[in-house]
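Chemist: What follows is target37.txt, made up of compact mmCIF, C-alpha atoms and all ligand atoms:
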```txt
# COMPACT_ATOMS: atom_id res chain seq x y z
CA MET L 1190 -28.30 -22.60 45.45
CA ALA L 1191 -28.57 -26.32 46.25
CA LYS L 1192 -31.26 -27.13 48.80
CA LEU L 1193 -30.05 -28.98 51.90
CA ILE L 1194 -32.20 -32.02 52.71
CA SER L 1195 -31.60 -33.87 55.95
CA PRO L 1196 -30.69 -37.55 55.33
CA LEU L 1197 -33.35 -38.39 57.95
CA ILE L 1198 -36.08 -37.47 55.46
CA ASN L 1199 -35.31 -40.65 53.50
CA SER L 1200 -34.82 -42.77 56.61
CA GLU L 1201 -36.89 -45.77 57.69
CA PHE L 1202 -38.12 -43.59 60.56
CA ALA L 1203 -39.50 -41.02 58.10
CA LYS L 1204 -41.13 -43.72 55.96
CA ASP L 1205 -42.74 -45.35 59.00
CA VAL L 1206 -44.01 -41.97 60.25
CA VAL L 1207 -45.67 -41.25 56.88
CA GLN L 1208 -47.14 -44.76 56.78
CA GLY L 1209 -48.46 -44.60 60.37
CA LEU L 1210 -49.92 -41.09 60.23
CA THR L 1211 -51.66 -41.42 56.87
CA THR L 1212 -53.57 -44.58 57.71
CA ASN L 1213 -56.69 -45.23 59.78
CA PRO L 1214 -56.40 -45.78 62.73
CA LYS L 1215 -53.16 -43.78 63.04
CA TYR L 1216 -50.15 -45.32 64.77
CA LEU L 1217 -46.46 -44.78 65.47
CA ARG L 1218 -44.10 -47.71 65.98
CA SER L 1219 -42.88 -48.10 69.55
CA LYS L 1220 -39.30 -48.83 68.53
CA TYR L 1221 -38.95 -45.09 67.83
CA PHE L 1222 -39.46 -44.19 71.50
CA TYR L 1223 -35.76 -44.67 72.12
CA ASP L 1224 -33.85 -41.54 71.13
CA TYR L 1225 -31.45 -39.93 73.65
CA LYS L 1226 -34.29 -38.50 75.76
CA GLY L 1227 -36.42 -41.65 75.34
CA ASP L 1228 -33.59 -43.81 76.70
CA GLN L 1229 -33.36 -41.56 79.77
CA LEU L 1230 -37.12 -41.53 80.31
CA PHE L 1231 -37.27 -45.32 80.06
CA GLN L 1232 -34.60 -45.55 82.78
CA GLN L 1233 -36.88 -43.42 84.97
CA ILE L 1234 -39.88 -45.63 84.14
CA MET L 1235 -37.95 -48.69 85.30
CA ASN L 1236 -37.53 -47.03 88.73
CA LEU L 1237 -41.21 -46.08 89.15
CA PRO L 1238 -43.07 -47.82 92.00
CA GLU L 1239 -45.94 -48.67 89.60
CA TYR L 1240 -43.62 -50.34 87.07
CA TYR L 1241 -43.49 -53.72 88.86
CA LEU L 1242 -41.88 -55.44 85.84
CA THR L 1243 -38.35 -54.31 86.77
CA ASP L 1244 -38.49 -55.54 90.38
CA SER L 1245 -40.06 -58.85 89.35
CA GLU L 1246 -37.42 -59.61 86.73
CA LEU L 1247 -34.58 -58.37 88.98
CA GLU L 1248 -35.76 -60.79 91.67
CA ILE L 1249 -35.84 -63.68 89.18
CA LEU L 1250 -32.31 -62.97 87.92
CA GLU L 1251 -30.87 -62.39 91.39
CA ASN L 1252 -32.40 -65.60 92.82
CA ASN L 1253 -31.49 -67.72 89.81
CA LYS L 1254 -28.09 -66.40 88.71
CA GLU L 1255 -26.35 -69.60 89.82
CA LYS L 1256 -28.95 -71.85 88.21
CA LEU L 1257 -28.75 -69.80 84.99
CA LEU L 1258 -24.99 -70.09 85.04
CA LYS L 1259 -25.25 -73.89 85.23
CA ILE L 1260 -27.76 -73.96 82.35
CA MET L 1261 -25.82 -71.51 80.17
CA ASP L 1262 -22.20 -72.48 80.74
CA SER L 1263 -20.90 -75.70 79.22
CA GLY L 1264 -17.26 -74.81 79.82
CA GLU L 1265 -16.85 -73.54 76.23
CA ASP L 1266 -16.77 -69.90 75.14
CA PHE L 1267 -20.26 -68.49 74.48
CA ASN L 1268 -21.85 -65.26 73.29
CA LEU L 1269 -24.38 -63.80 75.72
CA ILE L 1270 -26.55 -61.84 73.29
CA ASP L 1271 -28.85 -59.28 74.95
CA LEU L 1272 -31.57 -58.21 72.49
CA GLY L 1273 -32.74 -54.66 73.31
CA ALA L 1274 -30.16 -54.38 76.09
CA GLY L 1275 -30.96 -50.76 77.01
CA ASP L 1276 -28.81 -49.90 80.04
CA ALA L 1277 -28.44 -53.64 80.91
CA PHE L 1278 -29.47 -52.75 84.44
CA LYS L 1279 -30.82 -56.26 85.09
CA THR L 1280 -28.40 -58.20 82.89
CA ARG L 1281 -25.47 -56.86 84.90
CA ILE L 1282 -26.50 -59.16 87.78
CA LEU L 1283 -25.55 -62.09 85.54
CA LEU L 1284 -22.52 -60.33 84.06
CA LYS L 1285 -20.94 -59.60 87.46
CA HIS L 1286 -21.61 -63.12 88.67
CA TYR L 1287 -20.19 -64.78 85.56
CA VAL L 1288 -17.06 -62.61 85.53
CA ASN L 1289 -16.52 -63.31 89.25
CA GLN L 1290 -16.69 -67.04 88.43
CA SER L 1291 -14.15 -66.55 85.57
CA ILE L 1292 -16.64 -67.88 82.99
CA LYS L 1293 -15.45 -67.63 79.36
CA PHE L 1294 -18.01 -65.56 77.46
CA THR L 1295 -18.50 -62.39 75.41
CA TYR L 1296 -21.35 -60.03 76.25
CA VAL L 1297 -23.09 -58.84 73.05
CA PRO L 1298 -25.61 -56.07 73.83
CA VAL L 1299 -27.87 -55.30 70.84
CA ASP L 1300 -29.90 -52.12 70.64
CA ILE L 1301 -31.49 -50.00 67.94
CA SER L 1302 -30.30 -46.98 69.96
CA GLN L 1303 -26.68 -46.10 69.19
CA ASN L 1304 -26.69 -43.96 72.31
CA ALA L 1305 -27.75 -46.94 74.48
CA ILE L 1306 -24.94 -49.14 73.08
CA GLN L 1307 -22.33 -46.45 73.59
CA ARG L 1308 -23.42 -45.74 77.15
CA VAL L 1309 -23.80 -49.37 78.22
CA THR L 1310 -20.38 -50.26 76.79
CA GLU L 1311 -18.66 -47.39 78.61
CA GLU L 1312 -20.49 -48.03 81.88
CA LEU L 1313 -19.90 -51.78 81.93
CA GLN L 1314 -16.27 -51.46 80.95
CA HIS L 1315 -15.80 -49.16 83.95
CA LEU L 1316 -17.90 -51.31 86.33
CA ILE L 1317 -16.66 -54.77 85.27
CA PRO L 1318 -13.22 -54.21 83.69
CA ASP L 1319 -12.70 -57.94 82.94
CA LEU L 1320 -15.91 -58.19 80.89
CA LYS L 1321 -15.45 -58.90 77.16
CA ILE L 1322 -18.07 -56.77 75.43
CA GLU L 1323 -18.96 -56.35 71.73
CA GLY L 1324 -22.02 -54.16 71.30
CA ILE L 1325 -24.12 -54.05 68.12
CA SER L 1326 -26.25 -51.05 67.25
CA LYS L 1327 -28.83 -52.61 64.92
CA GLU L 1328 -32.36 -53.97 65.02
CA TYR L 1329 -32.82 -57.37 66.66
CA LEU L 1330 -32.84 -59.65 63.61
CA PRO L 1331 -30.15 -57.95 61.47
CA ALA L 1332 -27.96 -57.99 64.60
CA LEU L 1333 -28.53 -61.73 65.15
CA ASP L 1334 -27.83 -62.40 61.47
CA SER L 1335 -24.55 -60.49 61.71
CA ILE L 1336 -23.14 -62.60 64.56
CA PRO L 1337 -20.82 -65.26 63.09
CA ASN L 1338 -21.55 -68.90 63.85
CA GLY L 1339 -19.02 -70.62 66.05
CA ALA L 1340 -19.44 -69.87 69.73
CA ARG L 1341 -22.68 -71.04 71.37
CA LYS L 1342 -25.44 -68.43 71.39
CA ILE L 1343 -27.18 -67.68 74.66
CA ILE L 1344 -29.83 -65.16 73.71
CA LEU L 1345 -31.64 -62.93 76.23
CA PHE L 1346 -34.80 -61.01 75.36
CA LEU L 1347 -35.67 -59.44 78.70
CA GLY L 1348 -37.96 -56.69 79.96
CA ALA L 1349 -41.21 -58.05 78.44
CA SER L 1350 -40.28 -56.51 75.07
CA ILE L 1351 -41.79 -59.61 73.40
CA GLY L 1352 -45.17 -58.12 74.39
CA ASN L 1353 -44.62 -55.16 72.03
CA PHE L 1354 -45.28 -57.33 68.97
CA SER L 1355 -48.71 -58.25 67.61
CA PRO L 1356 -49.63 -61.97 67.90
CA GLN L 1357 -48.63 -62.61 64.25
CA GLU L 1358 -45.38 -60.62 64.55
CA THR L 1359 -44.48 -62.54 67.72
CA ILE L 1360 -44.59 -65.91 66.01
CA LEU L 1361 -42.71 -64.66 62.93
CA PHE L 1362 -40.05 -63.10 65.18
CA LEU L 1363 -39.62 -66.26 67.27
CA LYS L 1364 -39.40 -68.43 64.15
CA ARG L 1365 -36.74 -66.13 62.68
CA ILE L 1366 -34.67 -66.34 65.87
CA ASN L 1367 -35.08 -70.12 65.77
CA GLN L 1368 -33.49 -70.17 62.29
CA THR L 1369 -30.34 -68.52 63.66
CA MET L 1370 -30.03 -71.03 66.53
CA HIS L 1371 -28.33 -74.40 66.83
CA LYS L 1372 -29.31 -77.35 69.04
CA GLU L 1373 -27.05 -76.27 71.92
CA ASP L 1374 -28.14 -72.59 71.88
CA LEU L 1375 -30.68 -71.11 74.31
CA LEU L 1376 -33.21 -68.30 74.25
CA THR L 1377 -34.49 -66.70 77.47
CA ILE L 1378 -37.54 -64.47 77.14
CA GLY L 1379 -39.08 -62.19 79.76
CA PHE L 1380 -42.89 -62.47 79.71
CA ASP L 1381 -45.16 -60.25 81.77
CA LEU L 1382 -47.92 -62.49 83.10
CA LYS L 1383 -51.68 -61.84 83.18
CA LYS L 1384 -52.70 -60.53 86.59
CA ASP L 1385 -54.97 -58.01 88.38
CA PRO L 1386 -55.87 -55.53 85.59
CA ASP L 1387 -55.42 -52.50 87.89
CA ILE L 1388 -51.84 -53.47 88.64
CA ILE L 1389 -51.17 -53.77 84.90
CA LEU L 1390 -52.85 -50.49 83.96
CA ASN L 1391 -51.05 -48.51 86.70
CA ALA L 1392 -47.71 -49.63 85.26
CA TYR L 1393 -48.53 -47.62 82.10
CA ASN L 1394 -50.20 -44.71 83.88
CA ASP L 1395 -47.88 -43.63 86.68
CA LYS L 1396 -48.87 -40.79 89.00
CA SER L 1397 -45.72 -38.77 88.33
CA GLY L 1398 -46.44 -38.63 84.58
CA VAL L 1399 -43.13 -40.08 83.33
CA THR L 1400 -44.87 -42.58 81.03
CA LYS L 1401 -46.94 -39.72 79.59
CA GLU L 1402 -43.72 -37.78 78.89
CA PHE L 1403 -42.16 -40.92 77.34
CA ASN L 1404 -45.13 -41.25 75.00
CA LEU L 1405 -45.23 -37.56 74.08
CA ASN L 1406 -41.49 -37.61 73.40
CA LEU L 1407 -42.29 -39.57 70.25
CA LEU L 1408 -44.06 -36.48 68.86
CA ASN L 1409 -41.17 -34.35 70.04
CA ARG L 1410 -38.78 -36.61 68.13
CA ILE L 1411 -40.84 -36.17 64.95
CA ASN L 1412 -40.73 -32.39 65.50
CA THR L 1413 -36.95 -32.26 65.97
CA GLU L 1414 -35.83 -34.88 63.46
CA LEU L 1415 -38.44 -34.45 60.74
CA GLY L 1416 -39.52 -30.82 61.18
CA ALA L 1417 -43.14 -31.43 62.22
CA ASN L 1418 -45.16 -28.93 64.27
CA PHE L 1419 -46.93 -31.19 66.80
CA ASN L 1420 -48.09 -29.16 69.81
CA LEU L 1421 -47.51 -31.59 72.69
CA ASN L 1422 -50.10 -29.80 74.84
CA SER L 1423 -52.80 -30.79 72.36
CA PHE L 1424 -52.44 -34.51 73.11
CA GLU L 1425 -53.47 -36.67 76.06
CA HIS L 1426 -51.66 -39.87 77.09
CA SER L 1427 -54.24 -42.64 77.23
CA PRO L 1428 -53.39 -46.17 78.38
CA ARG L 1429 -56.05 -48.95 78.33
CA TYR L 1430 -56.02 -52.60 79.35
CA ASP L 1431 -58.15 -55.12 77.46
CA ILE L 1432 -58.62 -58.05 79.86
CA GLU L 1433 -60.03 -60.40 77.21
CA LYS L 1434 -57.06 -59.98 74.89
CA GLY L 1435 -54.47 -59.43 77.66
CA GLU L 1436 -53.30 -56.26 75.90
CA ALA L 1437 -52.22 -52.96 77.46
CA ARG L 1438 -52.38 -50.30 74.73
CA SER L 1439 -51.09 -46.75 74.89
CA ALA L 1440 -52.26 -43.99 72.60
CA LEU L 1441 -51.97 -40.23 72.27
CA ILE L 1442 -55.44 -38.72 71.94
CA SER L 1443 -55.97 -35.48 70.08
CA LYS L 1444 -57.61 -32.96 72.45
CA LYS L 1445 -59.13 -30.99 69.55
CA ASN L 1446 -59.65 -30.92 65.80
CA GLN L 1447 -56.23 -30.00 64.48
CA MET L 1448 -53.90 -30.11 61.50
CA VAL L 1449 -50.24 -31.04 61.93
CA GLU L 1450 -47.79 -30.16 59.17
CA ILE L 1451 -44.66 -32.13 58.29
CA PRO L 1452 -43.45 -30.09 55.30
CA THR L 1453 -40.20 -32.03 54.87
CA LEU L 1454 -42.25 -35.21 54.30
CA LYS L 1455 -44.86 -33.29 52.27
CA ILE L 1456 -47.75 -34.40 54.49
CA SER L 1457 -50.46 -32.65 56.51
CA VAL L 1458 -52.04 -34.80 59.20
CA SER L 1459 -55.62 -34.04 60.09
CA LEU L 1460 -56.74 -35.16 63.56
CA LYS L 1461 -60.26 -35.03 64.98
CA LYS L 1462 -60.96 -34.29 68.63
CA GLY L 1463 -60.72 -37.62 70.49
CA GLU L 1464 -58.85 -39.38 67.68
CA PRO L 1465 -56.03 -41.68 68.86
CA ILE L 1466 -52.51 -42.16 67.55
CA HIS L 1467 -51.65 -45.65 68.79
CA THR L 1468 -48.10 -45.85 70.14
CA GLU L 1469 -47.59 -49.09 72.00
CA ILE L 1470 -49.01 -52.51 72.68
CA SER L 1471 -47.77 -54.49 75.71
CA ARG L 1472 -49.22 -57.99 75.64
CA LYS L 1473 -49.60 -60.11 78.76
CA PHE L 1474 -49.38 -63.90 78.79
CA SER L 1475 -50.46 -66.97 80.78
CA LEU L 1476 -48.08 -69.92 81.20
CA GLN L 1477 -50.39 -71.77 78.81
CA ASP L 1478 -50.00 -68.97 76.21
CA ILE L 1479 -46.22 -69.24 76.57
CA LYS L 1480 -46.24 -73.02 76.10
CA GLY L 1481 -48.36 -72.58 72.95
CA LEU L 1482 -46.03 -69.91 71.57
CA ALA L 1483 -42.94 -72.04 72.16
CA GLU L 1484 -44.51 -75.05 70.43
CA VAL L 1485 -45.84 -73.19 67.41
CA SER L 1486 -42.48 -71.51 66.78
CA GLY L 1487 -40.29 -74.60 67.13
CA TYR L 1488 -39.03 -74.57 70.73
CA GLU L 1489 -39.19 -76.62 73.91
CA ILE L 1490 -39.38 -74.93 77.30
CA VAL L 1491 -36.41 -75.80 79.49
CA GLU L 1492 -37.76 -73.98 82.54
CA ASN L 1493 -39.98 -71.07 83.58
CA LEU L 1494 -38.28 -68.99 86.30
CA MET L 1495 -40.85 -67.09 88.36
CA ASP L 1496 -40.80 -64.22 90.87
CA SER L 1497 -42.37 -64.62 94.33
CA LYS L 1498 -45.59 -62.77 93.31
CA ASN L 1499 -46.00 -64.77 90.07
CA TYR L 1500 -46.15 -61.48 88.14
CA PHE L 1501 -43.44 -62.33 85.61
CA THR L 1502 -41.48 -65.21 84.14
CA ASP L 1503 -38.13 -65.57 82.43
CA SER L 1504 -38.82 -68.55 80.21
CA ILE L 1505 -35.78 -70.52 78.99
CA TRP L 1506 -36.21 -72.20 75.61
CA LYS L 1507 -34.18 -74.47 73.35
CA LYS L 1508 -34.82 -75.60 69.78
CA ALA L 1509 -37.30 -78.48 69.60
CA ASP L 1510 -35.82 -81.80 68.37
C1 LIG L 1601 -38.18 -51.94 77.17
S1 LIG L 1601 -36.48 -51.59 76.90
C2 LIG L 1601 -35.77 -53.01 77.71
C3 LIG L 1601 -34.36 -52.80 78.18
C4 LIG L 1601 -33.75 -53.99 78.93
N1 LIG L 1601 -33.65 -55.18 78.10
C5 LIG L 1601 -34.54 -54.31 80.16
O1 LIG L 1601 -35.08 -55.41 80.26
O2 LIG L 1601 -34.61 -53.47 81.05
C6 LIG L 1601 -36.35 -51.95 75.21
C7 LIG L 1601 -34.98 -51.69 74.59
O3 LIG L 1601 -35.01 -52.30 73.29
C8 LIG L 1601 -34.53 -51.39 72.30
N2 LIG L 1601 -35.28 -51.69 71.06
C9 LIG L 1601 -36.59 -51.41 70.79
N3 LIG L 1601 -36.91 -51.88 69.57
C10 LIG L 1601 -35.80 -52.46 69.06
C11 LIG L 1601 -35.49 -53.13 67.83
N4 LIG L 1601 -36.44 -53.28 66.89
N5 LIG L 1601 -34.25 -53.61 67.63
C12 LIG L 1601 -33.27 -53.43 68.60
N6 LIG L 1601 -33.50 -52.80 69.79
C13 LIG L 1601 -34.74 -52.33 70.02
C14 LIG L 1601 -34.80 -50.01 72.85
O4 LIG L 1601 -33.91 -49.05 72.34
C15 LIG L 1601 -34.65 -50.22 74.37
O5 LIG L 1601 -33.35 -49.95 74.81
```
Let me see whether you can do it: turn the structure in this file into structure tokens.
Ligand SMILES: C[S@@+](CC[C@H](N)C(=O)[O-])C[C@H]1O[C@@H](n2cnc3c(N)ncnc32)[C@H](O)[C@@H]1O
Modeler:
Amino acid sequence: MAKLISPLINSEFAKDVVQGLTTNPKYLRSKYFYDYKGDQLFQQIMNLPEYYLTDSELEILENNKEKLLKIMDSGEDFNLIDLGAGDAFKTRILLKHYVNQSIKFTYVPVDISQNAIQRVTEELQHLIPDLKIEGISKEYLPALDSIPNGARKIILFLGASIGNFSPQETILFLKRINQTMHKEDLLTIGFDLKKDPDIILNAYNDKSGVTKEFNLNLLNRINTELGANFNLNSFEHSPRYDIEKGEARSALISKKNQMVEIPTLKISVSLKKGEPIHTEISRKFSLQDIKGLAEVSGYEIVENLMDSKNYFTDSIWKKAD
């Protein structure tokens, strides 16, 4: 009888899991947090009192929606491309305002999560019936590459997701976006700013334990989709903040010596007590860091929009001349 093998076993997810769990130190890529449950848990994280990032960026967008409209709208049709749109909870401030002002644009949410794109499209169509929306369920760069040239591109990369890349990846990513842009296009990036380390650390270590569940869900996903036998109770959620580097790092720490089997991928993963599996990096920036990043990747800063606490900035960039 033919053996049934799930197509997921040959997926990029499976390959990345094998790569990350058979190296030292072990890691799992944070883009895999977002399955159906991960999307829901992230929505809960955004509502946590400790997760100041949402309120800061909401305040920026609410206070600057008119200014942003003036910067973004030149009277011609444009594509408002939202990289990693999630539930577009914050972007909808702009969407409602622009539709109310009868601005000609198409909203293009991009997300690796098919579930997120489906939900955001349905929700927004119901909430803002006049909104033109064309979602793309792909990774950031393939999605950008697939958008035809023509209409101006106004690209949003909100929510401090830029901080999830390593320093080298950040510059490569920004340079690649730059290659897809024309002179009149704009890129707005949400940067979480360096601040009191306790405030930062608490954002990744909430009292109610939602961030812990979000992190552990990654192991759950490997269990369900790839047939692993991770025991979630044998791992501790461990966030750290390195002030020198401006890096918040989350890891799952093995509570004991243990062996995890993933027979479908033909690997056994041996973990020592106290050994981490790194899951996420969230880098923090100064305005000086942001200026340096823009310059080195071929941009000029148009404006840094700040919240009242100076916790966060939405930095608007154009291609350098
Ligand atoms: C931190 S959430 C931010 C959501 C929203 N932009 C906000 O500011 O609230 C990150 C979103 O990016 C998506 N994402 C993560 N990695 C991605 C990738 N490589 N390509 C496309 N989307 C990705 C996730 O599915 C998730 O919905």
Chemist: Check the smallest atom-to-atom distance from each of L:Gly1324, L:Pro1386, L:Pro1428, L:Gly1463 to ligand LIG 1601 (chain L) using all atoms listed in the file, then report the winner.
Modeler: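 Closest candidate: L:Gly1324.
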Chemist: Please report, as a Markdown table, each residue of chain L lying at most 8 Å from ligand LIG 1601 (chain L), together with the nearest pair of atoms and the separation in Å rounded to one decimal; use all atoms listed in the file, and order rows by chain and ascending residue number.
Modeler:
```
| residue | atom | partner | partner_atom | distance |
| --- | --- | --- | --- | --- |
| L:Ser1219 | CA | L:LIG1601 | N3 | 7.1 |
| L:Lys1220 | CA | L:LIG1601 | N3 | 4.0 |
| L:Tyr1221 | CA | L:LIG1601 | N3 | 7.3 |
| L:Phe1222 | CA | L:LIG1601 | O4 | 7.4 |
| L:Tyr1223 | CA | L:LIG1601 | O4 | 4.8 |
| L:Asp1224 | CA | L:LIG1601 | O4 | 7.6 |
| L:Asp1228 | CA | L:LIG1601 | O5 | 6.4 |
| L:Phe1231 | CA | L:LIG1601 | S1 | 7.1 |
| L:Met1235 | CA | L:LIG1601 | O2 | 7.2 |
| L:Thr1243 | CA | L:LIG1601 | O2 | 6.9 |
| L:Asp1271 | CA | L:LIG1601 | N1 | 7.1 |
| L:Leu1272 | CA | L:LIG1601 | N6 | 6.3 |
| L:Gly1273 | CA | L:LIG1601 | O3 | 3.3 |
| L:Ala1274 | CA | L:LIG1601 | N1 | 4.1 |
| L:Gly1275 | CA | L:LIG1601 | O5 | 3.3 |
| L:Asp1276 | CA | L:LIG1601 | C4 | 6.5 |
| L:Ala1277 | CA | L:LIG1601 | C4 | 5.7 |
| L:Phe1278 | CA | L:LIG1601 | O2 | 6.2 |
| L:Lys1279 | CA | L:LIG1601 | O2 | 6.2 |
| L:Thr1280 | CA | L:LIG1601 | O1 | 7.7 |
| L:Val1299 | CA | L:LIG1601 | C12 | 6.1 |
| L:Asp1300 | CA | L:LIG1601 | N6 | 3.8 |
| L:Ile1301 | CA | L:LIG1601 | N6 | 3.9 |
| L:Ser1302 | CA | L:LIG1601 | O4 | 4.8 |
| L:Ala1305 | CA | L:LIG1601 | O5 | 6.4 |
| L:Ser1326 | CA | L:LIG1601 | C12 | 7.5 |
| L:Lys1327 | CA | L:LIG1601 | C12 | 5.8 |
| L:Glu1328 | CA | L:LIG1601 | N5 | 3.2 |
| L:Tyr1329 | CA | L:LIG1601 | N5 | 4.1 |
| L:Leu1330 | CA | L:LIG1601 | N5 | 7.4 |
| L:Phe1346 | CA | L:LIG1601 | N1 | 6.5 |
| L:Leu1347 | CA | L:LIG1601 | O1 | 4.4 |
| L:Gly1348 | CA | L:LIG1601 | O1 | 3.2 |
| L:Ala1349 | CA | L:LIG1601 | O1 | 6.9 |
| L:Ser1350 | CA | L:LIG1601 | C1 | 5.5 |
| L:Gly1379 | CA | L:LIG1601 | O1 | 7.9 |
```
Chemist: Please list as a ChimeraX atom specification every residue within 9 Å of Glu1239 of chain L, counting only C-alpha atoms and excluding residues in the same chain fewer than 5 positions away.
Modeler: /L:1234,1388-1389,1391-1396
Chemist: Choose the residue, out of L:Gly1227, L:Gly1209, L:Pro1214, L:Pro1318, that has the smallest atom-to-atom separation from Glu1402 of chain L; count all atoms listed in the file.
Modeler: L:Gly1227
Chemist: Quick one: pull the distance between atom CA of Phe1362 of chain L and atom CA of Ile1470 of chain L, Å, one decimal.
Modeler: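 Separation between atom CA of Phe1362 of chain L and atom CA of Ile1470 of chain L: 15.8 Å.
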Chemist: Take atom CA of Gly1435 of chain L and atom CA of Asn1213 of chain L and report the distance between them in Å, one decimal.
Modeler: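 Distance between the two atoms: 22.9 Å.
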Chemist: Take segment 1284-1290 of chain L from the block and save it with all heavy atoms, as a JSON list (two decimals), in the first residue's frame.
Modeler:
```json
[["chain", "number", "residue", "atom", "x", "y", "z"],
["L", 1284, "LEU", "N", -7.22, 53.85, 6.57],
["L", 1284, "LEU", "CA", -8.14, 53.39, 5.52],
["L", 1284, "LEU", "C", -9.49, 54.11, 5.63],
["L", 1284, "LEU", "O", -10.01, 54.60, 4.63],
["L", 1284, "LEU", "CB", -8.35, 51.87, 5.63],
["L", 1284, "LEU", "CG", -7.08, 51.01, 5.50],
["L", 1284, "LEU", "CD1", -7.41, 49.54, 5.69],
["L", 1284, "LEU", "CD2", -6.41, 51.24, 4.14],
["L", 1285, "LYS", "N", -10.03, 54.20, 6.85],
["L", 1285, "LYS", "CA", -11.33, 54.86, 7.04],
["L", 1285, "LYS", "C", -11.24, 56.32, 6.63],
["L", 1285, "LYS", "O", -12.10, 56.84, 5.93],
["L", 1285, "LYS", "CB", -11.73, 54.80, 8.53],
["L", 1285, "LYS", "CG", -12.37, 53.51, 8.93],
["L", 1285, "LYS", "CD", -12.90, 53.62, 10.36],
["L", 1285, "LYS", "CE", -13.11, 52.25, 10.95],
["L", 1285, "LYS", "NZ", -13.00, 52.19, 12.39],
["L", 1286, "HIS", "N", -10.15, 56.97, 7.06],
["L", 1286, "HIS", "CA", -9.98, 58.39, 6.77],
["L", 1286, "HIS", "C", -9.87, 58.63, 5.26],
["L", 1286, "HIS", "O", -10.52, 59.52, 4.73],
["L", 1286, "HIS", "CB", -8.73, 58.89, 7.50],
["L", 1286, "HIS", "CG", -8.53, 60.36, 7.40],
["L", 1286, "HIS", "ND1", -9.45, 61.27, 7.85],
["L", 1286, "HIS", "CD2", -7.52, 61.10, 6.85],
["L", 1286, "HIS", "CE1", -9.03, 62.49, 7.61],
["L", 1286, "HIS", "NE2", -7.85, 62.42, 6.99],
["L", 1287, "TYR", "N", -9.08, 57.81, 4.59],
["L", 1287, "TYR", "CA", -8.86, 58.01, 3.15],
["L", 1287, "TYR", "C", -10.16, 57.76, 2.37],
["L", 1287, "TYR", "O", -10.48, 58.48, 1.43],
["L", 1287, "TYR", "CB", -7.75, 57.08, 2.63],
["L", 1287, "TYR", "CG", -6.36, 57.38, 3.16],
["L", 1287, "TYR", "CD1", -6.15, 58.35, 4.13],
["L", 1287, "TYR", "CD2", -5.25, 56.69, 2.69],
["L", 1287, "TYR", "CE1", -4.88, 58.61, 4.62],
["L", 1287, "TYR", "CE2", -3.97, 56.95, 3.17],
["L", 1287, "TYR", "CZ", -3.80, 57.90, 4.15],
["L", 1287, "TYR", "OH", -2.54, 58.16, 4.63],
["L", 1288, "VAL", "N", -10.89, 56.72, 2.77],
["L", 1288, "VAL", "CA", -12.14, 56.41, 2.05],
["L", 1288, "VAL", "C", -13.16, 57.54, 2.29],
["L", 1288, "VAL", "O", -13.83, 57.98, 1.37],
["L", 1288, "VAL", "CB", -12.70, 55.03, 2.47],
["L", 1288, "VAL", "CG1", -14.12, 54.82, 1.97],
["L", 1288, "VAL", "CG2", -11.80, 53.92, 1.93],
["L", 1289, "ASN", "N", -13.19, 58.04, 3.53],
["L", 1289, "ASN", "CA", -14.10, 59.17, 3.82],
["L", 1289, "ASN", "C", -13.78, 60.40, 2.99],
["L", 1289, "ASN", "O", -14.65, 61.19, 2.67],
["L", 1289, "ASN", "CB", -14.04, 59.56, 5.31],
["L", 1289, "ASN", "CG", -14.75, 58.53, 6.17],
["L", 1289, "ASN", "OD1", -15.56, 57.77, 5.65],
["L", 1289, "ASN", "ND2", -14.44, 58.50, 7.45],
["L", 1290, "GLN", "N", -12.49, 60.55, 2.64],
["L", 1290, "GLN", "CA", -12.06, 61.71, 1.84],
["L", 1290, "GLN", "C", -12.10, 61.39, 0.33],
["L", 1290, "GLN", "O", -11.58, 62.16, -0.47],
["L", 1290, "GLN", "CB", -10.60, 62.10, 2.19],
["L", 1290, "GLN", "CG", -10.35, 62.37, 3.66],
["L", 1290, "GLN", "CD", -10.92, 63.69, 4.12],
["L", 1290, "GLN", "OE1", -10.77, 64.68, 3.43],
["L", 1290, "GLN", "NE2", -11.62, 63.68, 5.24]]
```
